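Trainee: You'll find my_file01.cif just under this line, and it carries mmCIF, C-alpha atoms.
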```cif
data_data
#
loop_
_atom_site.label_atom_id
_atom_site.label_comp_id
_atom_site.auth_asym_id
_atom_site.auth_seq_id
_atom_site.Cartn_x
_atom_site.Cartn_y
_atom_site.Cartn_z
CA MET A 1 -35.74 18.55 -1.97
CA ALA A 2 -33.13 17.07 -4.26
CA ALA A 3 -30.18 15.33 -2.70
CA HIS A 4 -27.41 17.82 -2.09
CA VAL A 5 -23.84 17.90 -0.81
CA ILE A 6 -23.89 18.71 2.88
CA HIS A 7 -20.43 17.81 4.16
CA VAL A 8 -16.89 17.35 2.87
CA GLU A 9 -14.24 15.44 4.74
CA VAL A 10 -10.50 14.87 4.87
CA VAL A 11 -9.28 12.21 7.30
CA GLY A 12 -5.76 10.84 7.41
CA ARG A 13 -2.88 9.56 9.47
CA ASP A 14 -2.19 12.80 11.38
CA GLY A 15 -5.44 14.59 12.12
CA ALA A 16 -3.87 17.51 13.99
CA LYS A 17 -1.43 18.19 11.18
CA LEU A 18 -4.20 18.11 8.59
CA GLN A 19 -6.32 20.46 10.71
CA LYS A 20 -3.49 22.97 10.94
CA PHE A 21 -2.87 22.70 7.21
CA TYR A 22 -6.47 23.45 6.25
CA SER A 23 -6.87 26.14 8.91
CA ASP A 24 -3.75 27.91 7.69
CA ALA A 25 -4.56 27.41 4.02
CA PHE A 26 -8.14 28.61 4.09
CA GLY A 27 -8.47 30.51 7.37
CA TRP A 28 -10.98 27.95 8.63
CA SER A 29 -11.88 27.93 12.30
CA LEU A 30 -12.29 24.32 13.35
CA ASP A 31 -14.37 23.18 16.30
CA THR A 32 -12.51 20.12 17.58
CA ASN A 33 -14.80 19.45 20.54
CA ASN A 34 -15.95 16.23 18.92
CA LEU A 35 -15.21 12.54 19.16
CA ASP A 36 -11.49 11.91 18.51
CA GLY A 37 -10.92 15.65 18.07
CA TYR A 38 -12.64 15.65 14.67
CA GLY A 39 -12.53 19.28 13.53
CA MET A 40 -15.62 20.87 12.02
CA HIS A 41 -15.84 24.06 9.99
CA ARG A 42 -19.18 25.48 8.84
CA ASP A 43 -19.23 28.01 6.03
CA GLU A 44 -21.80 30.72 5.37
CA SER A 45 -23.89 28.47 3.16
CA GLY A 46 -24.18 25.85 5.88
CA LEU A 47 -21.83 23.38 4.20
CA THR A 48 -19.55 21.75 6.73
CA ALA A 49 -16.00 20.50 6.35
CA GLY A 50 -14.59 17.87 8.69
CA ILE A 51 -10.88 17.32 9.18
CA GLY A 52 -9.54 14.57 11.40
CA LYS A 53 -7.73 11.36 12.03
CA ALA A 54 -8.66 8.12 10.28
CA PRO A 55 -9.38 5.19 12.63
CA MET A 56 -6.91 2.31 12.95
CA GLY A 57 -3.97 4.34 11.65
CA GLY A 58 -5.45 4.17 8.17
CA ASP A 59 -4.46 6.44 5.30
CA GLY A 60 -7.93 7.96 5.31
CA GLN A 61 -9.70 9.58 2.41
CA VAL A 62 -11.14 12.71 0.90
CA THR A 63 -14.84 12.43 0.34
CA PHE A 64 -18.11 14.31 0.19
CA TYR A 65 -21.39 13.48 1.84
CA VAL A 66 -24.76 13.85 0.16
CA HIS A 67 -27.89 14.48 2.18
CA ALA A 68 -30.87 12.44 1.02
CA ASP A 69 -34.33 12.51 2.56
CA ASP A 70 -34.64 8.75 2.14
CA PRO A 71 -31.15 7.35 2.76
CA GLU A 72 -32.23 3.69 2.81
CA GLY A 73 -34.05 4.04 -0.49
CA THR A 74 -31.13 5.98 -1.93
CA LEU A 75 -28.68 3.23 -0.97
CA LYS A 76 -30.89 0.62 -2.64
CA ARG A 77 -30.95 2.74 -5.79
CA ILE A 78 -27.17 3.17 -5.64
CA GLU A 79 -26.67 -0.61 -5.50
CA LYS A 80 -29.02 -1.12 -8.45
CA LEU A 81 -26.93 1.40 -10.38
CA GLY A 82 -23.69 -0.49 -9.75
CA GLY A 83 -22.54 1.18 -6.54
CA LYS A 84 -21.64 -0.79 -3.43
CA VAL A 85 -22.41 0.02 0.18
CA ILE A 86 -19.16 -0.33 2.14
CA MET A 87 -20.43 1.07 5.43
CA PRO A 88 -24.08 0.62 6.38
CA LEU A 89 -26.14 3.46 7.82
CA THR A 90 -24.52 4.14 11.18
CA GLN A 91 -25.34 6.67 13.85
CA VAL A 92 -22.12 8.59 14.58
CA ALA A 93 -23.60 11.42 16.65
CA PRO A 94 -26.98 11.96 18.34
CA GLU A 95 -28.55 13.47 15.20
CA THR A 96 -26.17 12.23 12.54
CA THR A 97 -26.42 8.98 10.62
CA ILE A 98 -24.04 8.25 7.77
CA ALA A 99 -23.24 5.56 5.26
CA LEU A 100 -20.44 5.14 2.75
CA PHE A 101 -20.65 3.66 -0.71
CA THR A 102 -18.38 3.29 -3.69
CA ASP A 103 -19.45 4.37 -7.16
CA PRO A 104 -18.90 2.01 -10.11
CA GLU A 105 -15.26 3.14 -10.36
CA GLY A 106 -14.54 2.65 -6.66
CA HIS A 107 -14.64 6.27 -5.45
CA VAL A 108 -15.78 6.48 -1.83
CA VAL A 109 -18.75 8.81 -1.24
CA GLY A 110 -20.83 9.39 1.86
CA LEU A 111 -24.56 9.62 2.45
CA MET A 112 -25.86 11.60 5.39
CA MET B 1 0.29 -9.41 -2.08
CA ALA B 2 -1.52 -9.49 1.23
CA TYR B 3 0.46 -9.69 4.43
CA GLU B 4 -0.02 -10.69 8.07
CA PHE B 5 1.25 -9.56 11.42
CA GLU B 6 0.75 -10.04 15.15
CA VAL B 7 0.30 -7.44 17.88
CA SER B 8 -0.34 -7.92 21.58
CA ALA B 9 -1.08 -6.04 24.77
CA VAL B 10 -1.69 -6.80 28.44
CA LEU B 11 -5.04 -5.40 29.56
CA PRO B 12 -6.35 -4.98 33.11
CA ALA B 13 -9.35 -7.32 32.90
CA SER B 14 -10.12 -11.03 32.85
CA PRO B 15 -10.18 -12.93 29.55
CA GLN B 16 -13.91 -13.48 29.95
CA ALA B 17 -14.59 -9.76 30.54
CA ILE B 18 -12.65 -8.84 27.40
CA TYR B 19 -14.34 -11.58 25.40
CA ASP B 20 -17.79 -10.47 26.57
CA ALA B 21 -17.08 -6.84 25.73
CA TRP B 22 -15.67 -7.67 22.28
CA MET B 23 -18.71 -9.75 21.43
CA SER B 24 -21.48 -7.35 22.45
CA SER B 25 -22.69 -4.11 20.91
CA GLU B 26 -22.67 -2.24 24.21
CA GLY B 27 -19.33 -3.63 25.33
CA HIS B 28 -17.54 -3.10 22.05
CA THR B 29 -18.88 0.46 21.85
CA ALA B 30 -17.82 1.17 25.43
CA MET B 31 -14.32 -0.28 25.19
CA THR B 32 -13.46 1.51 21.93
CA PHE B 33 -15.41 4.69 22.69
CA ALA B 34 -16.84 4.38 19.18
CA GLU B 35 -20.19 3.03 17.95
CA ALA B 36 -20.24 -0.70 17.32
CA THR B 37 -22.88 -3.33 16.62
CA VAL B 38 -22.23 -7.01 17.24
CA ASP B 39 -24.39 -10.03 16.50
CA PRO B 40 -22.72 -12.41 18.98
CA ARG B 41 -23.48 -15.64 17.14
CA PRO B 42 -21.03 -17.50 14.90
CA GLY B 43 -21.68 -16.14 11.41
CA GLY B 44 -23.10 -12.95 12.88
CA ALA B 45 -22.21 -9.57 11.42
CA PHE B 46 -20.49 -6.78 13.28
CA THR B 47 -19.52 -3.17 12.72
CA ALA B 48 -17.01 -1.14 14.72
CA TRP B 49 -15.57 2.33 14.78
CA HIS B 50 -18.74 3.97 13.49
CA GLY B 51 -18.96 1.53 10.60
CA TYR B 52 -15.36 2.03 9.46
CA ILE B 53 -14.83 -1.67 10.25
CA THR B 54 -17.24 -4.40 9.16
CA GLY B 55 -17.07 -8.17 9.26
CA ARG B 56 -18.51 -11.47 10.43
CA THR B 57 -17.66 -13.81 13.24
CA VAL B 58 -16.11 -17.02 11.96
CA SER B 59 -15.60 -19.00 15.17
CA LEU B 60 -15.70 -18.54 18.92
CA GLU B 61 -14.23 -20.19 21.98
CA PRO B 62 -15.84 -18.35 24.90
CA GLY B 63 -13.30 -16.53 27.01
CA ARG B 64 -10.37 -17.69 24.87
CA ARG B 65 -10.54 -17.07 21.15
CA ILE B 66 -12.43 -15.00 18.57
CA VAL B 67 -11.98 -15.29 14.80
CA GLN B 68 -13.64 -12.70 12.57
CA THR B 69 -13.48 -11.49 9.00
CA TRP B 70 -12.47 -7.85 8.99
CA ARG B 71 -12.38 -5.04 6.47
CA THR B 72 -12.38 -1.26 6.58
CA THR B 73 -13.85 1.32 4.27
CA GLU B 74 -10.31 1.72 2.91
CA PHE B 75 -10.28 -1.76 1.39
CA SER B 76 -10.89 -1.61 -2.34
CA ASP B 77 -13.75 -3.58 -3.85
CA SER B 78 -11.27 -6.12 -5.22
CA ASP B 79 -9.65 -6.75 -1.83
CA PRO B 80 -10.92 -9.90 -0.12
CA ASP B 81 -11.74 -9.70 3.59
CA SER B 82 -8.84 -9.90 6.01
CA GLU B 83 -9.13 -12.07 9.11
CA ILE B 84 -8.37 -11.43 12.75
CA GLU B 85 -7.78 -14.03 15.43
CA VAL B 86 -7.98 -12.71 18.99
CA LEU B 87 -6.38 -14.93 21.64
CA LEU B 88 -6.96 -14.22 25.32
CA GLU B 89 -4.60 -15.63 27.93
CA PRO B 90 -4.67 -14.88 31.66
CA VAL B 91 -1.45 -13.32 32.93
CA LYS B 92 -0.38 -11.42 36.00
CA GLY B 93 -2.18 -8.08 35.89
CA GLY B 94 -4.97 -9.20 33.62
CA THR B 95 -5.01 -10.70 30.17
CA ARG B 96 -2.56 -10.89 27.32
CA LEU B 97 -4.51 -10.20 24.15
CA THR B 98 -2.66 -11.44 21.09
CA LEU B 99 -4.13 -10.48 17.77
CA HIS B 100 -3.12 -12.15 14.51
CA HIS B 101 -4.20 -10.11 11.49
CA ARG B 102 -4.03 -12.03 8.23
CA ASN B 103 -4.65 -11.31 4.57
CA VAL B 104 -4.24 -7.55 5.02
CA PRO B 105 -4.12 -5.73 1.68
CA ASP B 106 -0.59 -4.80 0.73
CA GLY B 107 0.23 -1.18 1.53
CA GLN B 108 -2.33 -0.81 4.32
CA VAL B 109 0.31 -0.80 7.01
CA GLY B 110 -1.36 1.59 9.46
CA TYR B 111 -3.16 -1.21 11.29
CA GLU B 112 0.18 -2.81 12.18
CA ARG B 113 1.98 0.47 12.83
CA GLY B 114 -0.08 1.71 15.73
CA GLY B 115 -3.62 1.34 14.46
CA TRP B 116 -4.58 -1.52 16.78
CA GLN B 117 -2.80 0.22 19.62
CA GLU B 118 -4.50 3.59 19.13
CA SER B 119 -7.99 2.43 18.21
CA TYR B 120 -8.26 -0.67 20.44
CA PHE B 121 -5.59 -1.34 23.05
CA ASP B 122 -5.25 2.22 24.40
CA PRO B 123 -9.01 2.86 24.77
CA MET B 124 -9.53 -0.69 26.10
CA ARG B 125 -6.87 -0.10 28.74
CA ASP B 126 -8.65 3.11 29.77
CA TYR B 127 -12.05 1.43 29.77
CA PHE B 128 -11.08 -1.65 31.77
CA SER B 129 -9.06 0.32 34.29
CA GLY B 130 -12.07 2.59 34.86
CA ARG B 131 -10.39 5.76 33.63
#
```
Reformat the file's structure so that it appears as structure tokens.
Mentor:
Amino acid sequence: MAAHVIHVEVVGRDGAKLQKFYSDAFGWSLDTNNLDGYGMHRDESGLTAGIGKAPMGGDGQVTFYVHADDPEGTLKRIEKLGGKVIMPLTQVAPETTIALFTDPEGHVVGLM
Amino acid sequence: MAYEFEVSAVLPASPQAIYDAWMSSEGHTAMTFAEATVDPRPGGAFTAWHGYITGRTVSLEPGRRIVQTWRTTEFSDSDPDSEIEVLLEPVKGGTRLTLHHRNVPDGQVGYERGGWQESYFDPMRDYFSGR
């Protein structure tokens, strides 16, 4: 299966405020029973959106996560193509491992 | 222009206990309540906060001082690593942890304005007090 977008994310300084904003704007129901109150919304297609607080008081980011069957191989290919891994593959939940990379223009994108 | 700042907190544990937790994968994960991996040797790599923070250990004085390079996923590719120096001093009630954070990219002020408190000192206080 080709790599496909599986998750979108907005994290920032005030996670609760962002969650209310997106819930009110789009009518999303967010499950916040996650680490640090990270709010998850799953749409009918299975795509998930995560809204929450950035660690360390950071400004956070808007990004999307691509699912790849071979994440290690995909990261190697990304680096050959001029991307840069800025967060190595890291297990963030029992069945969820993610990495972050920047594309050649510095945009932050996730791999899941 | 990069900038530097200092933050500190008194934590309810001995300097050695805090040092040991900071410099181990299990301890760092437990005290921040967020996944961390730590190679405890000088020059060793570490990650913290689910990979949001990455760096390498520069120098160590067991139980007293830790110096590490430090960057987050919010640093741009052109930003050099910042550096943290963690100083541990025994005081009444536990340990005063003083953290010097140097060469922080200009504009990334969240670390100084509550970031270290929220993501480290508050959870560490809970962890070491057994809450």
Trainee: For the structure shown, which residues end up in the PyMOL selection byres ((chain A) within 8 of (chain B))? Put them as a ChimeraX atom specification, please?
Mentor: /A:55-61,86-92,99-100,106
Trainee: Can you spit out the residues from that selection as a PDB file, in the coordinates of the input, using C-alpha atoms?
Mentor:
```pdb
ATOM      1  CA  PRO A  55      -9.380   5.190  12.630  1.00  0.00           C
ATOM      2  CA  MET A  56      -6.910   2.310  12.950  1.00  0.00           C
ATOM      3  CA  GLY A  57      -3.970   4.340  11.650  1.00  0.00           C
ATOM      4  CA  GLY A  58      -5.450   4.170   8.170  1.00  0.00           C
ATOM      5  CA  ASP A  59      -4.460   6.440   5.300  1.00  0.00           C
ATOM      6  CA  GLY A  60      -7.930   7.960   5.310  1.00  0.00           C
ATOM      7  CA  GLN A  61      -9.700   9.580   2.410  1.00  0.00           C
ATOM      8  CA  ILE A  86     -19.160  -0.330   2.140  1.00  0.00           C
ATOM      9  CA  MET A  87     -20.430   1.070   5.430  1.00  0.00           C
ATOM     10  CA  PRO A  88     -24.080   0.620   6.380  1.00  0.00           C
ATOM     11  CA  LEU A  89     -26.140   3.460   7.820  1.00  0.00           C
ATOM     12  CA  THR A  90     -24.520   4.140  11.180  1.00  0.00           C
ATOM     13  CA  GLN A  91     -25.340   6.670  13.850  1.00  0.00           C
ATOM     14  CA  VAL A  92     -22.120   8.590  14.580  1.00  0.00           C
ATOM     15  CA  ALA A  99     -23.240   5.560   5.260  1.00  0.00           C
ATOM     16  CA  LEU A 100     -20.440   5.140   2.750  1.00  0.00           C
ATOM     17  CA  GLY A 106     -14.540   2.650  -6.660  1.00  0.00           C
TER      18      GLY A 106
END
```
Trainee: Between atom CA of Thr102 of chain A and atom CA of Thr63 of chain A, what distance in Å does the model show, to one decimal?
Mentor: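 Between these atoms lies a distance of 10.6 Å.
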Trainee: Rounded to one decimal in Å, what is the spacing between atom CA of Ala2 of chain B and atom CA of Asp103 of chain A?
Mentor: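 These two atoms are separated by 24.2 Å.
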Trainee: Record the distance separating atom CA of Thr29 of chain B and atom CA of Pro123 of chain B, expressed in Å with one decimal.
Mentor: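 For atom CA of Thr29 of chain B relative to atom CA of Pro123 of chain B, the distance reads 10.6 Å.
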Trainee: Excluding Glu6 of chain B and residues on its chain fewer than 5 positions from it, collect all residues at most 9 Å away from it, counting all atoms listed in the file, and give them as a PyMOL selection string.
Mentor: chain B and resi 98-102+112
Trainee: Kindly resolve the PyMOL selection byres ((chain A and resi 18) around 12) on the present coordinates and return the residues as a compact mmCIF listing (two decimals) with C-alpha atoms, in the coordinates of the input.
Mentor:
```
# COMPACT_ATOMS: atom_id res chain seq x y z
CA GLU A 9 -14.24 15.44 4.74
CA VAL A 10 -10.50 14.87 4.87
CA VAL A 11 -9.28 12.21 7.30
CA GLY A 12 -5.76 10.84 7.41
CA ARG A 13 -2.88 9.56 9.47
CA ASP A 14 -2.19 12.80 11.38
CA GLY A 15 -5.44 14.59 12.12
CA ALA A 16 -3.87 17.51 13.99
CA LYS A 17 -1.43 18.19 11.18
CA GLN A 19 -6.32 20.46 10.71
CA LYS A 20 -3.49 22.97 10.94
CA PHE A 21 -2.87 22.70 7.21
CA TYR A 22 -6.47 23.45 6.25
CA SER A 23 -6.87 26.14 8.91
CA ASP A 24 -3.75 27.91 7.69
CA ALA A 25 -4.56 27.41 4.02
CA TRP A 28 -10.98 27.95 8.63
CA LEU A 30 -12.29 24.32 13.35
CA GLY A 37 -10.92 15.65 18.07
CA TYR A 38 -12.64 15.65 14.67
CA GLY A 39 -12.53 19.28 13.53
CA GLY A 50 -14.59 17.87 8.69
CA ILE A 51 -10.88 17.32 9.18
CA GLY A 52 -9.54 14.57 11.40
CA LYS A 53 -7.73 11.36 12.03
CA ALA A 54 -8.66 8.12 10.28
CA GLY A 60 -7.93 7.96 5.31
CA GLN A 61 -9.70 9.58 2.41
CA VAL A 62 -11.14 12.71 0.90
```
Trainee: Would you list the contacts of Ser129 of chain B as a list in words, taking every protein, DNA or RNA residue within 7 Å and counting only C-alpha atoms, but skipping same-chain residues closer than 3 positions in sequence?
Mentor: Pro12, Arg125 and Asp126 of chain B
Trainee: My list of candidates is A:Val66, A:Ser45, A:Gly82, A:Gly73. Which is closest to Ile98 of chain A when distances are computed with only C-alpha atoms?
Mentor: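 The shortest atom-to-atom distance to Ile98 of chain A comes from A:Val66.
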Trainee: Hey, which of A:Val109, A:Val8, A:Ala93, A:Ala49 ends up closest to Leu75 of chain A? Count only C-alpha atoms.
Mentor: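 Result for the nearest residue to Leu75 of chain A: A:Val109.
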Trainee: Selection in question (the file shown): the PyMOL selection byres ((chain B and resi 58) around 10). Which residues does it include, as a PyMOL selection string?
Mentor: chain B and resi 41-45+55-57+59-60+66-69+83-85
Trainee: B:Phe128, B:Phe121, B:Met31, B:Asp81: which is nearest Leu97 of chain B, counting all atoms listed in the file?
Mentor: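 Of all the options, B:Phe121 lies closest to Leu97 of chain B.
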Trainee: Show me, as JSON, numbers by chain, the residues that have an atom within 10 Å of His4 of chain A when counting all atoms listed in the file, minus same-chain residues fewer than 2 positions from it.
Mentor: {"A": [1, 2, 6, 7, 65, 66, 67, 68, 69, 111, 112]}
Trainee: Would you mind putting N, CA and C atoms back on segment 38-55 of chain A and writing the result as a CSV table (one decimal), in the coordinates of the input?
Mentor:
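Saved file selection_38.csv follows:
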```
chain,number,residue,atom,x,y,z
A,38,TYR,N,-12.2,15.3,16.1
A,38,TYR,CA,-12.6,15.6,14.7
A,38,TYR,C,-13.0,17.1,14.6
A,39,GLY,N,-12.3,17.8,13.6
A,39,GLY,CA,-12.5,19.3,13.5
A,39,GLY,C,-13.6,19.6,12.5
A,40,MET,N,-14.5,20.5,12.9
A,40,MET,CA,-15.6,20.9,12.0
A,40,MET,C,-15.6,22.4,11.7
A,41,HIS,N,-15.7,22.7,10.4
A,41,HIS,CA,-15.8,24.1,10.0
A,41,HIS,C,-17.2,24.2,9.2
A,42,ARG,N,-17.9,25.2,9.6
A,42,ARG,CA,-19.2,25.5,8.8
A,42,ARG,C,-19.1,26.8,8.1
A,43,ASP,N,-19.3,26.8,6.8
A,43,ASP,CA,-19.2,28.0,6.0
A,43,ASP,C,-20.6,28.7,6.0
A,44,GLU,N,-20.6,29.9,5.3
A,44,GLU,CA,-21.8,30.7,5.4
A,44,GLU,C,-23.0,30.1,4.7
A,45,SER,N,-22.8,29.1,3.8
A,45,SER,CA,-23.9,28.5,3.2
A,45,SER,C,-24.5,27.3,4.0
A,46,GLY,N,-23.7,27.0,5.1
A,46,GLY,CA,-24.2,25.8,5.9
A,46,GLY,C,-23.4,24.6,5.6
A,47,LEU,N,-22.7,24.6,4.5
A,47,LEU,CA,-21.8,23.4,4.2
A,47,LEU,C,-20.8,23.2,5.3
A,48,THR,N,-20.6,22.0,5.7
A,48,THR,CA,-19.6,21.8,6.7
A,48,THR,C,-18.4,21.0,6.1
A,49,ALA,N,-17.2,21.2,6.7
A,49,ALA,CA,-16.0,20.5,6.4
A,49,ALA,C,-15.5,19.9,7.6
A,50,GLY,N,-15.1,18.6,7.5
A,50,GLY,CA,-14.6,17.9,8.7
A,50,GLY,C,-13.2,17.4,8.4
A,51,ILE,N,-12.3,17.7,9.3
A,51,ILE,CA,-10.9,17.3,9.2
A,51,ILE,C,-10.5,16.5,10.4
A,52,GLY,N,-9.9,15.4,10.2
A,52,GLY,CA,-9.5,14.6,11.4
A,52,GLY,C,-8.7,13.4,11.1
A,53,LYS,N,-8.6,12.5,12.1
A,53,LYS,CA,-7.7,11.4,12.0
A,53,LYS,C,-8.5,10.1,11.6
A,54,ALA,N,-8.0,9.3,10.7
A,54,ALA,CA,-8.7,8.1,10.3
A,54,ALA,C,-8.5,7.1,11.4
A,55,PRO,N,-9.5,6.2,11.6
A,55,PRO,CA,-9.4,5.2,12.6
A,55,PRO,C,-8.3,4.2,12.2
```
